[in-house]
Amino acid sequence: MATVECRNLCKSYGSHEVIRNFNLSISDHEFIVFLGPSGCGKSTILRMVAGLEEITGGDLFIGGARVNDRDPGDRGIAMVFQNYALYPHMSVRENITFALERAGTSRDEIRRRLDPVVETLGLDIYLGRKPTELSGGQQQRVAIARAMIKTPEVFLFDEPLSNLDAKLRGHLRVEIARLHRALNTTSVYVTHDQLEAMTLADRIVLMNQGRIEQMGTPEEIYSRPATVFTAGFIGTPSMNFFSLDAGEGRLRNADIDLAAPFPLRAGKVTLGIRPGAIRLVPEGTPDAIAATVERDEFHGDMRLISLNAGAESFMVSVPAATRLSEGERVLAHLDPASLHVFDAESGQRLGD
Amino acid sequence: MRVGRSLPYVFLGPALLVLVILAAVPTLYAVNLSLQNRTLSAPQAEYVWLANYLKLFSDDRFLNALWVSLKWEVLTVSATMAVGIGLAIAMFEAATRRWRMILSVLFIIPVLLPRVCAAFVWKFSFHPLYGAVTWPVRALTGQTPDVLAHPWGAMLTVAFVDVWQWGLFFAVIILKLMEALPPQPIEAARIDKAKGWEIHRFVTLPMLKLPLISLLLVKAIESLRSFDLVYVMTRGGPGVSTETLDMYAYSQGFIEAGNISYASSMAVIMMVLTVILFTSIWKRLNK
Ligand SMILES: Nc1ncnc2c1ncn2[C@@H]1O[C@H](COP(=O)(O)OP(=O)(O)OP(=O)(O)O)[C@@H](O)[C@H]1O
Ligand SMILES: [Mg+2]
């Protein structure tokens, strides 16, 4: 097990710069999740750590040693790919033991290590099959077994569950969490699925256009997003934003007028609030916004209501039993403790 | 229903008809001829049934030709595959995209050359007095080496020209096949501590097993038709050391004796052997 440290990592393809000055220090046993929109450079960083992609600039340390120029096989890592990347001509058993055979491990030792891995992932009955004779989920379990048996210093996962259906994804996610608890190996996990990120991560690294947008525990990122980008990226249904003018202890525009949650300098701000933090209230409640119901989506455990207040439109989630008809007039109240205020110019969070 | 039944025949019919005319007629004619004692010098002939075949098996020159053909097959097929795979891996590992393009074009040129041309060019290059290939030996030792006059030298030289044409071409095909492979298993193998050649030994080549087998069979069939190459370069010589079955059949049929029936029986044996051999190889390798 080991630490991983990226110091000023850069990556360019020709003149096209993809990653610039990427700094991250991952401690022993930690489970880090890279989250971010498509094309932001998550896979690129992971592949640089793995040694599959040349590092253009900066230093990469694994277990305290600089590994920039080491072969992938000598970095003490194991990787699980999105499309499994199993060896198609080898049986499941050969796939799993390939790395040990290449490393010159003795037969007895291989057999001794194979059994627990196969048992953990429930692959006993498939050992003789070829990868094409397995379902996607089974193939990915083989890929995880292939990574596990090496007892690597660091596990790397590049969207391992993206090719699976929702149910299987949930199932394997739990399995990966369980494995991590048992093995406690330092892990880096790339995904664009928030649920995976939230449930697996010790720390989420949220990326945007090759930079780290925010880094922190799932709670920190969810409850104190540092930028408008983070606030909008994390959370389903996603956060509502209003462009407001701050001044005289109020936040207002043509249609909305609210008490500022904390003293603010006069100027333009972006106010964010999650649909769950807005309540529909009876007539006469102070600081409520008058709105009309535009759409009503049933989500099973709750309803997502689109409201219109003048030029503003926003979403509210209400209990599933609530009955509202389109065009109905309601009053919406924003929970003052759940307001996120961002500078309209820089997108940075204001206040605490 | 009737339309559905007859459709296969409608499509197969014309092709089968062409095949029957082009392949079956000469084949049957050759079989018929091989059962007679026809020669080019006399118009009349009578059936001698299997006499030609019996004679063949006590004909040392025929047995030699059989052996030469076998050596030729094994030598050229294995050398072509080895050169093709070796060069393809070398290009895959070491050459940039640009260089791969340039080398591919260069490597395709030999196979585009008509075989007779290639044979003449190389025959001259190996000429003991004027050849470019033999020049360094002449310059260094003052001797005039004549590789084509030596039994094994002749065999290896002719095989070299064959491999020069096909091995380089196969290298291009195999390189393209390797480039079309999914990159992830190769990356996984690198992470699994496989070094350079091990990646190809254990991952890329096994993934290409089927296309490689097809190439091997294509080359095996192609090697059977090396008549023009051998004819130009050695005429089967020195002695009978490069006389393959088709060379011997040709000289029996048209050059030495005009013994056309005897030659036909050789052709029939060659056909039967080829069909049996190739079917069994195909079945075994494709398992
Ligand atoms: N070989 C390459 N040549 C040029 N540009 C590349 C190459 N590989 C990746 N890129 C660019 O690098 C950027 C980051 O790619 P990367 O694969 O890391 O994205 P990602 O965050 O993993 O996205 P996704 O979630 O879709 O997998 C992209 O803009 C992509 O266009
Ligand atoms: Mg990716």
# chains A, B, ... in the order shown; residues from 1 in each chain; ligands from 1
>>> residues_near_ligand(ligand="ligand 1", cutoff="10 Å", atoms="only C-alpha atoms and all ligand atoms", output="PyMOL selection string")
chain A and resi 11-19+34-48+53+82+158-159+162+190-193+207-210
>>> write_last_selection(atoms="N, CA, C and O atoms", output="CSV table (one decimal), in the first residue's frame")
chain,number,residue,atom,x,y,z
A,11,LYS,N,0.0,17.6,-19.1
A,11,LYS,CA,-0.1,16.7,-20.2
A,11,LYS,C,-0.5,17.5,-21.5
A,11,LYS,O,-1.5,18.2,-21.4
A,12,SER,N,0.2,17.3,-22.5
A,12,SER,CA,-0.2,17.9,-23.8
A,12,SER,C,-0.1,16.9,-24.9
A,12,SER,O,0.7,16.0,-24.9
A,13,TYR,N,-1.1,17.0,-25.8
A,13,TYR,CA,-1.0,16.2,-27.0
A,13,TYR,C,-0.6,17.1,-28.1
A,13,TYR,O,-1.4,18.0,-28.5
A,14,GLY,N,0.6,17.1,-28.5
A,14,GLY,CA,1.1,18.0,-29.5
A,14,GLY,C,1.1,19.4,-28.8
A,14,GLY,O,1.6,19.6,-27.7
A,15,SER,N,0.4,20.3,-29.4
A,15,SER,CA,0.3,21.7,-28.8
A,15,SER,C,-1.0,21.8,-28.0
A,15,SER,O,-1.2,22.9,-27.4
A,16,HIS,N,-1.8,20.8,-28.0
A,16,HIS,CA,-3.1,20.8,-27.3
A,16,HIS,C,-2.9,20.4,-25.8
A,16,HIS,O,-2.6,19.3,-25.5
A,17,GLU,N,-3.0,21.4,-24.9
A,17,GLU,CA,-2.8,21.2,-23.5
A,17,GLU,C,-4.0,20.6,-22.8
A,17,GLU,O,-5.1,21.3,-22.9
A,18,VAL,N,-3.9,19.4,-22.3
A,18,VAL,CA,-5.1,18.8,-21.7
A,18,VAL,C,-5.1,19.0,-20.1
A,18,VAL,O,-6.1,19.3,-19.5
A,19,ILE,N,-4.0,18.8,-19.5
A,19,ILE,CA,-3.8,19.0,-18.1
A,19,ILE,C,-2.7,20.0,-17.8
A,19,ILE,O,-1.7,19.9,-18.4
A,34,PHE,N,-12.3,10.6,-8.9
A,34,PHE,CA,-12.3,11.7,-9.8
A,34,PHE,C,-13.6,11.8,-10.5
A,34,PHE,O,-14.1,10.8,-11.1
A,35,LEU,N,-14.2,13.0,-10.4
A,35,LEU,CA,-15.5,13.2,-10.9
A,35,LEU,C,-15.5,14.4,-11.8
A,35,LEU,O,-14.7,15.3,-11.5
A,36,GLY,N,-16.2,14.4,-12.9
A,36,GLY,CA,-16.2,15.6,-13.7
A,36,GLY,C,-16.9,15.3,-15.1
A,36,GLY,O,-17.1,14.1,-15.4
A,37,PRO,N,-17.2,16.3,-15.8
A,37,PRO,CA,-17.9,16.1,-17.1
A,37,PRO,C,-17.0,15.4,-18.1
A,37,PRO,O,-15.7,15.3,-17.9
A,38,SER,N,-17.6,14.9,-19.1
A,38,SER,CA,-16.8,14.2,-20.2
A,38,SER,C,-15.7,15.1,-20.8
A,38,SER,O,-16.0,16.3,-21.0
A,39,GLY,N,-14.6,14.5,-21.0
A,39,GLY,CA,-13.5,15.3,-21.6
A,39,GLY,C,-12.7,16.2,-20.7
A,39,GLY,O,-11.9,17.0,-21.2
A,40,CYS,N,-12.9,16.1,-19.4
A,40,CYS,CA,-12.2,17.0,-18.5
A,40,CYS,C,-10.8,16.5,-18.1
A,40,CYS,O,-10.0,17.2,-17.5
A,41,GLY,N,-10.5,15.3,-18.5
A,41,GLY,CA,-9.1,14.8,-18.3
A,41,GLY,C,-8.9,13.8,-17.2
A,41,GLY,O,-7.8,13.5,-16.8
A,42,LYS,N,-10.0,13.2,-16.7
A,42,LYS,CA,-10.0,12.2,-15.6
A,42,LYS,C,-9.2,11.0,-16.1
A,42,LYS,O,-8.2,10.6,-15.4
A,43,SER,N,-9.5,10.5,-17.2
A,43,SER,CA,-8.8,9.3,-17.7
A,43,SER,C,-7.4,9.6,-18.0
A,43,SER,O,-6.5,8.7,-17.7
A,44,THR,N,-7.1,10.8,-18.5
A,44,THR,CA,-5.7,11.1,-18.8
A,44,THR,C,-4.9,11.1,-17.6
A,44,THR,O,-3.8,10.5,-17.6
A,45,ILE,N,-5.3,11.6,-16.5
A,45,ILE,CA,-4.5,11.6,-15.2
A,45,ILE,C,-4.4,10.2,-14.7
A,45,ILE,O,-3.3,9.7,-14.4
A,46,LEU,N,-5.5,9.4,-14.8
A,46,LEU,CA,-5.4,8.0,-14.3
A,46,LEU,C,-4.4,7.2,-15.1
A,46,LEU,O,-3.6,6.5,-14.6
A,47,ARG,N,-4.4,7.5,-16.5
A,47,ARG,CA,-3.5,6.7,-17.3
A,47,ARG,C,-2.0,7.2,-17.2
A,47,ARG,O,-1.1,6.4,-17.4
A,48,MET,N,-1.9,8.5,-16.8
A,48,MET,CA,-0.5,8.9,-16.5
A,48,MET,C,0.0,8.2,-15.2
A,48,MET,O,1.2,7.8,-15.1
A,53,GLU,N,0.3,6.5,-20.3
A,53,GLU,CA,0.4,7.8,-21.0
A,53,GLU,C,1.6,8.5,-20.6
A,53,GLU,O,1.9,8.6,-19.4
A,82,GLN,N,-12.8,0.4,-18.4
A,82,GLN,CA,-14.3,0.5,-18.6
A,82,GLN,C,-14.8,-0.7,-19.4
A,82,GLN,O,-15.8,-1.2,-19.2
A,158,ASP,N,-11.0,2.9,-14.1
A,158,ASP,CA,-11.5,3.9,-15.1
A,158,ASP,C,-12.9,3.6,-15.5
A,158,ASP,O,-13.2,2.7,-16.3
A,159,GLU,N,-13.9,4.2,-14.9
A,159,GLU,CA,-15.3,4.0,-15.1
A,159,GLU,C,-15.6,2.5,-15.2
A,159,GLU,O,-16.2,2.1,-16.3
A,162,SER,N,-19.5,1.7,-16.0
A,162,SER,CA,-20.3,2.4,-17.0
A,162,SER,C,-21.0,1.6,-18.0
A,162,SER,O,-22.0,2.0,-18.6
A,190,VAL,N,-12.3,6.6,-11.3
A,190,VAL,CA,-12.8,7.6,-12.2
A,190,VAL,C,-14.2,7.3,-12.5
A,190,VAL,O,-14.6,6.1,-12.9
A,191,THR,N,-15.1,8.3,-12.5
A,191,THR,CA,-16.5,8.0,-12.8
A,191,THR,C,-17.1,9.3,-13.2
A,191,THR,O,-16.6,10.4,-12.9
A,192,HIS,N,-18.3,9.3,-13.9
A,192,HIS,CA,-19.1,10.5,-14.0
A,192,HIS,C,-20.4,10.3,-13.4
A,192,HIS,O,-21.4,11.0,-13.5
A,193,ASP,N,-20.5,9.1,-12.6
A,193,ASP,CA,-21.7,8.8,-11.9
A,193,ASP,C,-21.6,9.4,-10.5
A,193,ASP,O,-20.8,9.0,-9.7
A,207,MET,N,-13.3,17.6,-11.1
A,207,MET,CA,-12.5,18.2,-12.2
A,207,MET,C,-13.3,19.0,-13.2
A,207,MET,O,-14.4,18.6,-13.5
A,208,ASN,N,-12.7,20.0,-13.8
A,208,ASN,CA,-13.3,20.7,-14.9
A,208,ASN,C,-12.2,21.3,-15.8
A,208,ASN,O,-11.3,21.9,-15.3
A,209,GLN,N,-12.3,20.9,-17.0
A,209,GLN,CA,-11.3,21.3,-18.0
A,209,GLN,C,-9.9,21.2,-17.6
A,209,GLN,O,-9.1,22.2,-17.7
A,210,GLY,N,-9.5,20.0,-17.1
A,210,GLY,CA,-8.1,19.8,-16.7
A,210,GLY,C,-7.6,20.4,-15.4
A,210,GLY,O,-6.5,20.2,-15.1
>>> closest_atom_pairs(of="chain A", to="chain B", cutoff="8 Å", atoms="only C-alpha atoms", output="Markdown table")
| residue | atom | partner | partner_atom | distance |
| --- | --- | --- | --- | --- |
| A:Ala50 | CA | B:Ile191 | CA | 7.6 |
| A:Leu52 | CA | B:Glu187 | CA | 6.9 |
| A:Asp71 | CA | B:Arg190 | CA | 7.8 |
| A:Pro72 | CA | B:Ile191 | CA | 4.8 |
| A:Gly73 | CA | B:Lys193 | CA | 4.1 |
| A:Asp74 | CA | B:Lys193 | CA | 7.0 |
| A:Ile77 | CA | B:Ile191 | CA | 7.3 |
| A:Ala78 | CA | B:Ile191 | CA | 6.6 |
| A:Met79 | CA | B:Ile191 | CA | 7.5 |
| A:Phe81 | CA | B:Gln184 | CA | 7.7 |
| A:Ala85 | CA | B:Pro185 | CA | 4.8 |
| A:Leu86 | CA | B:Pro185 | CA | 6.0 |
| A:Tyr87 | CA | B:Pro185 | CA | 5.8 |
| A:Pro88 | CA | B:Met207 | CA | 7.0 |
| A:His89 | CA | B:Met207 | CA | 6.2 |
| A:Phe98 | CA | B:Asp192 | CA | 7.0 |
| A:Ala99 | CA | B:Asp192 | CA | 4.4 |
| A:Leu100 | CA | B:Asp192 | CA | 7.8 |
| A:Arg102 | CA | B:Ala194 | CA | 6.0 |
| A:Ala103 | CA | B:Lys193 | CA | 6.5 |
>>> write_last_selection(atoms="N, CA and C atoms", output="compact mmCIF listing (two decimals), in the first residue's frame")
# COMPACT_ATOMS: atom_id res chain seq x y z
N ALA A 50 -0.94 5.31 -14.23
CA ALA A 50 -0.71 3.92 -14.58
C ALA A 50 0.55 3.73 -15.42
N LEU A 52 0.51 4.43 -18.71
CA LEU A 52 0.08 4.14 -20.09
C LEU A 52 0.18 5.37 -20.96
N ASP A 71 8.13 1.53 -16.06
CA ASP A 71 7.14 0.80 -16.85
C ASP A 71 5.87 0.59 -16.02
N PRO A 72 4.72 0.48 -16.70
CA PRO A 72 3.47 0.26 -15.96
C PRO A 72 3.57 -0.95 -15.03
N GLY A 73 4.26 -1.99 -15.48
CA GLY A 73 4.35 -3.21 -14.68
C GLY A 73 5.17 -3.05 -13.42
N ASP A 74 5.99 -1.99 -13.36
CA ASP A 74 6.88 -1.83 -12.21
C ASP A 74 6.41 -0.73 -11.25
N ILE A 77 0.91 -1.01 -9.54
CA ILE A 77 -0.49 -0.64 -9.69
C ILE A 77 -1.25 -1.76 -10.39
N ALA A 78 -2.58 -1.72 -10.25
CA ALA A 78 -3.44 -2.61 -11.03
C ALA A 78 -4.58 -1.75 -11.53
N MET A 79 -5.07 -2.06 -12.72
CA MET A 79 -6.08 -1.18 -13.30
C MET A 79 -7.27 -1.99 -13.80
N PHE A 81 -10.44 -1.55 -16.41
CA PHE A 81 -10.84 -0.69 -17.52
C PHE A 81 -12.35 -0.69 -17.69
N ALA A 85 -11.28 -5.10 -20.95
CA ALA A 85 -9.93 -5.36 -21.47
C ALA A 85 -9.41 -6.73 -21.08
N LEU A 86 -10.27 -7.73 -21.06
CA LEU A 86 -9.78 -9.08 -20.78
C LEU A 86 -9.06 -9.61 -22.01
N TYR A 87 -8.19 -10.61 -21.79
CA TYR A 87 -7.52 -11.24 -22.93
C TYR A 87 -8.51 -12.22 -23.55
N PRO A 88 -8.98 -11.95 -24.77
CA PRO A 88 -10.11 -12.72 -25.30
C PRO A 88 -9.80 -14.19 -25.56
N HIS A 89 -8.51 -14.53 -25.77
CA HIS A 89 -8.19 -15.90 -26.13
C HIS A 89 -7.85 -16.75 -24.91
N PHE A 98 -2.44 -14.35 -15.28
CA PHE A 98 -1.43 -13.92 -16.26
C PHE A 98 -0.33 -13.08 -15.62
N ALA A 99 -0.73 -12.10 -14.81
CA ALA A 99 0.26 -11.19 -14.24
C ALA A 99 1.23 -11.94 -13.32
N LEU A 100 0.69 -12.87 -12.53
CA LEU A 100 1.57 -13.60 -11.61
C LEU A 100 2.54 -14.46 -12.40
N ARG A 102 3.71 -13.86 -15.39
CA ARG A 102 4.73 -12.98 -15.96
C ARG A 102 5.74 -12.56 -14.91
N ALA A 103 5.27 -12.44 -13.67
CA ALA A 103 6.17 -12.00 -12.61
C ALA A 103 7.00 -13.16 -12.09
>>> closest_residue(among="A:Gly216, A:Ala231, A:Pro160, A:Val341", to="ligand 2", atoms="only C-alpha atoms and all ligand atoms")
A:Pro160
>>> residues_around(residues="Val330 in chain A", least_positions_apart="2", cutoff="12 Å", atoms="only C-alpha atoms", output="NGL selection string")
:A and (279-285 or 288-294 or 305-309 or 316 or 323-328 or 332-333)
>>> residues_around(residues="Leu66 in chain B", least_positions_apart="2", cutoff="10 Å", atoms="only C-alpha atoms", output="list in words")
Asp60, Arg61, Phe62, Leu63, Asn64, Val68, Ser69, Leu70, Lys71, Trp72, Glu243, Thr244, Leu245, Asp246, Tyr248, Met266 and Met270 of chain B
>>> select_by_dssp(residues="range 49-225 of chain B", states="helix (DSSP H, G or I)", output="count of residues only")
144
>>> residues_around(residues="range 127-142 of chain A", least_positions_apart="3", cutoff="7 Å", atoms="only C-alpha atoms", output="ChimeraX atom specification")
/A:84,86,88-93,96,121,123-124,145-146,164,168
>>> select_by_dssp(residues="range 96-224 of chain A", states="strand (DSSP E or B)", output="number ranges by chain")
A: 154-158, 186-191, 203-208, 211-216
